[in-house]
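Right, one structure below, let's go through it.
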Amino acid sequence: MAENIDNWASQGRKNIFGEKVEVTEMQSEAGAAGAVHGGCAAGSLVSTYTASQGLLLMIPNMFKIAGEMMPCVFHVTARAIAGQALSIFGDHTDVMTCRTTGFNMLSSHTVQEVCDMALIAHVASLKSSLPFMHFFDGFRTSHEIQKINVMSYEDIKAFAPMEAIQRHRERGLNPKQPHLRGTSQGPDVYFQCCEASNKYYNDVPAIVETIMREFESKFGRSYHLFDYYGDADAESVVVLMGAGAPVCEEAADYLRKQGKKVGVVKVHLFRPFSNKHLIEAIPKTVKHVTVLERTKEPGCLGEPLYLDVCAAFAESDRGMPKIVGGRYGLGSKDFTPAMAKAVYDNMLDGKFKNHFTVGIEDDVTFTSLPIGPEFDSIPEGTTQCMFWGLGSDGTVGANHDAIRIIGDNTPLFVQGYFAYDAHKSGGVTVSHLRFGSKPIKSVYLIKYADYVACHFQNYVQKYKLLSALKQGGTFVLNCAWTKEQLEQELPGSLKREIAKRQTKFYIINAAALAESVGLGRRINMVMQAVFFKLANVIPYERAVVLLKGAIQKTYGSKGQKIVDMNCKCVDESLTKLEEVNYPASWADAPLEKVEHAPAPKFVTDLLWPSLAMEGNEIPVSKFQPGGIMPMGTTKFEKRGIAPELPIWDSDKCIQCNMCSFVCPHAAIRPFLADADESAKAPADFKMIPCKAKQGYNFRIQVAGYDCTGCKVCSTACPKGAITMKNSLNEMKREGANWEYAMTLPNRGHLFDRFSVIGSQYQQPLLEFSGACEGCNETAYIKLITQLFGERMVVANATGCSSIWGGTWGTIPYTVNSKGEGPAWGNSLFEDNAEYGLGMAKATGAARERLHNVAKAVVELKISPELKKMLEEWIPNWLNAEVCEKIFHDIVPLLEKEKAALPEVAELYNLRNLFPRLSQWIFGGDGWAYDIGYGGLDHVIAQGVNLNVVVLDTEMYSNTGGQKSKATPIGAVAKFAAAGNRRNKKELGLIAMQYGDVYVASISLQANYAHALKAIKEAESYDGSSLVICYAPCREQGFDISKSLEEAKQAVASGYWHLYRYDPRLIGQGKNPFQLDSSAPTVDLKQFLARENRYAMLMRTQKDVATELQDSLKVHTTERFEKLKKLAADVAVLKEGVAK
């Protein structure tokens, strides 16, 4: 929401007063709430937008704002709160946490209501002189596209309470009319002051109801504090808030046609809760009430709305109906008409199960309601379309355009909703689009589709693509297969569905067409043209004109070349489309036997069903409470998403291992095999003699089904020994080769793990993450796990690295053959440094205890072998290499002797602390430079032995590219749509001021050896270290396959500098600061032109862009000179001081 406001402001759009809207991005939501508080105190009209953990950070200020009776509105996309795991999806847990703040709470249930209630909330806030929270369901409502009626500025201004606005302004802090706020009160007056505001809250329901009536008079849409829908003489009603309300309306309509007397009460004003208005809204004939809530409050008697409804009836003059409550839709769990009907059936059948859940199978505490079959309650004439896409292929963006094209240019009602998995890129996306002549209030996923398109051919083996397709519906498959090859390539289950449903079946090789015009894997425009032709929602000729207009609007800022390529795809699409006349025999096509490799129970019972998009059917009993996950599960995923695979040419290979070093996904690695192993290898598993170690054969092998096809490895090879080839022909063979390679023992112990070549013989303990293809963050972390993985403890800030590193089910952090690997945890976004410090302190204290116990045990009567090991370990307990060796030898001895002495038993209990554990703190620049900076600064000032890695993409990459204080001047980002106007924070130089913090600025992609050396030095330093890693990101707007060249150009142009600050050198009389990059050899503007975040501003506002880039050039030049001075030789400095 705030991003749209910022975009409008950058485009010169004004508010109703004809003034520019000032948008300020703060370092955190706590900061934003503080700024809102200050703005309100000064008498300004202020608003903010937030959700989930962000809302919780605002709570302290919300109490202040409400206590001081300041009108303002917080718009909240209600979302889940991170507990046992993070969920970015929707429910009401966050807003329910704010019930006691004093904010009035107004709920919207549909996209149209969001627009309307936003205005009502602002007007009500001003008229009541109290703050409001306007909330609606995150994702299900906030991300839904609907055709709505929008009020004009003129009408909004006429509706605005100008007198109340003036009253608010006059209450603002001003030295010409001074007053004081924010006092400290004692017990003699505090209670009375709290009660003094009661009359204002008591007036709120009447104020809001009056505004709603005025709104209806002006705009024609009617709302009440509690809206009733259903039979006037209903006997059973459901009371609820949020996006579930329209679904209950559909279910109610279905039941009313069967003669059932049912209804729905939709709550708008939740706080203050008006008993009077609720009771008036519910028909007097009602005997049964179910309160549905999209939240969970563990240990409570009932969720908040349930308790309010019970209390309302208890305090009314009406008789108490039978009231039950239940939960639905947590974390955006889909809520369908069949589920809503189950809620009604619970009353109609006289069961009255209380404190139930609906939409899941709870076979542990047995709270769930049984759900009957789905039924079609969509208005007749509605066209429903589903698009199965591959994350980053452009499918979702194109469907956004399709919705807008049809919605803006026809009288049809439209709806779009987009379901994603958790992969940063390359995951499955399913777009749900509806078009019809009647309003669409079906806020759930499509169950009966007229049109299904599959944009990625591998999905035919993975998903039930046609489970929702209607009889006689249309199915379009993007694939590289010919019509003749379909007989062999399509699985029997899909053939049966195609035939059984009498499907109109089409194929197109959209990938080949997109590649031929220069769009790579972005097939979206090809498939959109096909959709407009086959779905026939609007005439095709008109659709093409509108589609090309949308292309210009969407891609115009990226240059005319991109526009022309997309238009060419549209023009040529139909020439490549083929209809498939399949044989009748498909109806009885043989079913292939599904064979899975042996896998852990977690994978078979949970992961594989979830990956098949059948996670909704998994019962509660299968889950382990507490959020603990097994390691190394991504290897069971086998996504097979690479359009091309890197194929090794043994004749050209010089065995430098650079391809493996830069691989972000650990999907290409060197392997060594002895003579016996080589003899057992598959025929295609070609090997050559290893140059570094005699007696072994060498091979570079790609994980065919795990590679993302980013091409980075092929650009790293200095001899052209890695060639990208079509995966259609290579994946199966290379997949089999990889499985054999996995049987070979790791031989990393034969090499120096701190060399570029040797590091890649170490097993990566981060593999096959869900990061974007070519992600440069993962390359750093993968390398760190190869160097220290078996003894790492990691605190990871929320952000990109926590999503690709810790998404439920698909865990890329793995273990070695001994079962050892990184122990990883995520707390929040803002507290990661403190979280890591807590880990380090706790580990340090535990190892101190072990050290003391060991010193006591060595004096006791123990075996000579154990005594010898302890005598070696005690003086070397901080030596990682010695500790690791002793750990593996001492544990069997301790287990053998623990029964003899309690002190030895304690040593055994503490056995996993014998290694010198290595504490790491990972996070992005949004965390380190902004929201978590205060904590980071405090933590590195403690002098504790820990290592901080900042993955610097120069923006908030995880949320789509917002500006951070790491964003350089001149770069375009969200909240800097017209170019950032401030220089980047010098995080490294700030940290150096402490004098005892190791600091490095590195670019792995630009200088392998330097990155390796800095990481090794940082970990070996007995104190805090900070390693700032340049991580080129796709959000910066360049071809990610060229990230190595990008990084090298960044260093060569002086845009990014390489340096190290090692406090240990001070004790040697040396300068602790070492500048490791030379003077610029590439023009800075030449580098900036490579990235769209700079180039797009040059295209749209050349004068502004030129000025900002000139400023950046001056800044980088001055920065380099400053670093040169820091790096000056100590002797030279001393000589200068003497003179």
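By order of appearance in the structure tokens: chains A, B, ..., then residues from 1 within every chain, and ligands from 1 in the order shown.
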(request) List the neighbours of Leu519 (chain A) out to 12 Å using only C-alpha atoms; skip same-chain residues closer than 2 positions along the sequence, and give me the result as a list of chain:residue names. (result)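 Residues meeting the cut-off are A:Asp393, A:Gly394, A:Ala510, A:Ala511, A:Ala512, A:Leu513, A:Ala514, A:Glu515, A:Ser516, A:Val517, A:Arg521, A:Arg522, A:Ile523, A:Asn524, A:Met525, A:Val526, A:Lys561, A:Ile562, A:Val563, A:Asp564, A:Met565, A:Asn566, A:Cys567, A:Lys568, A:Cys569, A:Asp1039.
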Include C-alpha atoms and write out the residues we just selected as a PDB file, in the first residue's frame.
```pdb
ATOM      1  CA  ASP A 393       8.389 -16.826 -15.778  1.00  0.00           C
ATOM      2  CA  GLY A 394       6.086 -13.801 -15.891  1.00  0.00           C
ATOM      3  CA  ALA A 510       6.148 -20.993 -25.809  1.00  0.00           C
ATOM      4  CA  ALA A 511       9.656 -21.307 -24.435  1.00  0.00           C
ATOM      5  CA  ALA A 512      11.151 -21.704 -27.913  1.00  0.00           C
ATOM      6  CA  LEU A 513       9.210 -18.702 -29.181  1.00  0.00           C
ATOM      7  CA  ALA A 514      10.206 -16.524 -26.228  1.00  0.00           C
ATOM      8  CA  GLU A 515      13.841 -17.586 -26.613  1.00  0.00           C
ATOM      9  CA  SER A 516      13.782 -16.839 -30.337  1.00  0.00           C
ATOM     10  CA  VAL A 517      12.756 -13.215 -29.775  1.00  0.00           C
ATOM     11  CA  ARG A 521      12.372 -18.094 -20.164  1.00  0.00           C
ATOM     12  CA  ARG A 522       9.705 -15.370 -19.882  1.00  0.00           C
ATOM     13  CA  ILE A 523       6.850 -16.980 -21.775  1.00  0.00           C
ATOM     14  CA  ASN A 524       4.094 -14.873 -20.258  1.00  0.00           C
ATOM     15  CA  MET A 525       3.078 -12.912 -23.354  1.00  0.00           C
ATOM     16  CA  VAL A 526       2.925 -15.993 -25.534  1.00  0.00           C
ATOM     17  CA  LYS A 561      13.564  -3.129 -27.144  1.00  0.00           C
ATOM     18  CA  ILE A 562      11.814  -5.047 -24.356  1.00  0.00           C
ATOM     19  CA  VAL A 563       8.455  -3.689 -25.513  1.00  0.00           C
ATOM     20  CA  ASP A 564       9.074  -4.777 -29.111  1.00  0.00           C
ATOM     21  CA  MET A 565      10.148  -8.277 -28.115  1.00  0.00           C
ATOM     22  CA  ASN A 566       6.975  -8.802 -26.090  1.00  0.00           C
ATOM     23  CA  CYS A 567       4.786  -7.490 -28.910  1.00  0.00           C
ATOM     24  CA  LYS A 568       6.494  -9.843 -31.332  1.00  0.00           C
ATOM     25  CA  CYS A 569       5.661 -12.762 -29.030  1.00  0.00           C
ATOM     26  CA  ASP A1039      21.069 -10.540 -16.360  1.00  0.00           C
TER      27      ASP A1039
END
```
(request) Give the strand (DSSP E or B) residues of region 359-550 of chain A, as assigned by DSSP on the backbone, as a ChimeraX atom specification. (result) /A:368,383-390,413-420,428-436,449-454,469-478,504-508
(message) To one decimal place in Å, what is the distance between CA of Ala480 (chain A) and CA of Lys732 (chain A)?
(response)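 Distance reported for this atom pair: 15.6 Å.
Between CA of Ala41 (chain A) and CA of Gly172 (chain A) there is a distance of 5.3 Å.
By chain and then residue number, the residues within 10 Å of Leu466 (chain A) are A:Met386, A:Tyr448, A:Ala449, A:Tyr451, A:Val452, A:Ala453, A:Cys454, A:Val460, A:Gly473, A:Thr474, A:Phe475, A:Leu494, A:Glu497, A:Ile498, A:Arg501, A:Thr503, counting only C-alpha atoms and disregarding those fewer than 6 positions away in sequence.
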Which residues are near region 774-778 of chain A? Cut-off 10 Å, only C-alpha atoms, ignore same chain within fewer than 6 positions. Put them as a PDB file with C-alpha atoms, in the first residue's frame.
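For reference, selection.pdb as written:
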```
ATOM      1  CA  LYS A 424      12.071 -17.226  -4.039  1.00  0.00           C
ATOM      2  CA  SER A 425      12.021 -18.130  -7.708  1.00  0.00           C
ATOM      3  CA  VAL A 662      30.478 -19.858  -7.683  1.00  0.00           C
ATOM      4  CA  CYS A 663      27.480 -22.199  -7.926  1.00  0.00           C
ATOM      5  CA  PRO A 664      24.769 -20.675  -5.723  1.00  0.00           C
ATOM      6  CA  HIS A 665      22.859 -23.927  -5.286  1.00  0.00           C
ATOM      7  CA  ALA A 666      25.699 -26.444  -4.779  1.00  0.00           C
ATOM      8  CA  THR A 708      18.186 -24.073 -11.588  1.00  0.00           C
ATOM      9  CA  GLY A 709      19.951 -23.417 -14.903  1.00  0.00           C
ATOM     10  CA  CYS A 710      21.315 -20.010 -13.864  1.00  0.00           C
ATOM     11  CA  LYS A 711      24.398 -20.365 -16.143  1.00  0.00           C
ATOM     12  CA  VAL A 712      26.750 -18.756 -13.590  1.00  0.00           C
ATOM     13  CA  CYS A 713      29.053 -21.794 -13.560  1.00  0.00           C
ATOM     14  CA  LEU A 766      23.883 -25.817   2.109  1.00  0.00           C
ATOM     15  CA  GLU A 767      22.412 -27.316  -1.038  1.00  0.00           C
ATOM     16  CA  PHE A 768      19.566 -26.849  -3.509  1.00  0.00           C
ATOM     17  CA  ILE A 784      31.051 -20.766   4.751  1.00  0.00           C
ATOM     18  CA  CYS A 800      15.690 -13.564   1.805  1.00  0.00           C
ATOM     19  CA  SER A 801      18.230 -15.719   3.586  1.00  0.00           C
ATOM     20  CA  TRP A 804      15.526 -19.748   1.115  1.00  0.00           C
ATOM     21  CA  GLY A 805      17.276 -21.119   4.193  1.00  0.00           C
ATOM     22  CA  GLY A 923      21.212 -11.230   7.530  1.00  0.00           C
ATOM     23  CA  GLY A 924      20.605  -8.816   4.702  1.00  0.00           C
ATOM     24  CA  VAL A 950      25.800  -9.047   5.907  1.00  0.00           C
ATOM     25  CA  LEU A 951      24.460 -10.117   2.516  1.00  0.00           C
ATOM     26  CA  ASP A 952      24.318  -6.711   0.867  1.00  0.00           C
ATOM     27  CA  THR A 953      21.952  -6.509  -2.109  1.00  0.00           C
ATOM     28  CA  SER A1003      32.887  -9.708  -3.294  1.00  0.00           C
ATOM     29  CA  LEU A1004      33.128 -13.457  -3.775  1.00  0.00           C
ATOM     30  CA  GLN A1005      32.045 -13.164  -7.400  1.00  0.00           C
ATOM     31  CA  CYS A1029      29.310  -9.237   1.199  1.00  0.00           C
ATOM     32  CA  TYR A1030      28.379  -7.624  -2.107  1.00  0.00           C
ATOM     33  CA  ALA A1031      25.523  -9.739  -3.458  1.00  0.00           C
ATOM     34  CA  PRO A1032      24.319  -8.700  -6.920  1.00  0.00           C
ATOM     35  CA  CYS A1033      20.595  -9.381  -7.064  1.00  0.00           C
ATOM     36  CA  ARG A1034      18.054  -9.764  -9.852  1.00  0.00           C
ATOM     37  CA  ASP A1039      21.069 -10.540 -16.360  1.00  0.00           C
ATOM     38  CA  ILE A1040      21.757 -12.663 -13.273  1.00  0.00           C
ATOM     39  CA  SER A1041      23.731 -15.178 -15.348  1.00  0.00           C
ATOM     40  CA  LYS A1042      26.318 -12.418 -15.727  1.00  0.00           C
ATOM     41  CA  SER A1043      26.675 -11.776 -12.004  1.00  0.00           C
ATOM     42  CA  LEU A1044      30.406 -12.580 -11.996  1.00  0.00           C
TER      43      LEU A1044
END
```
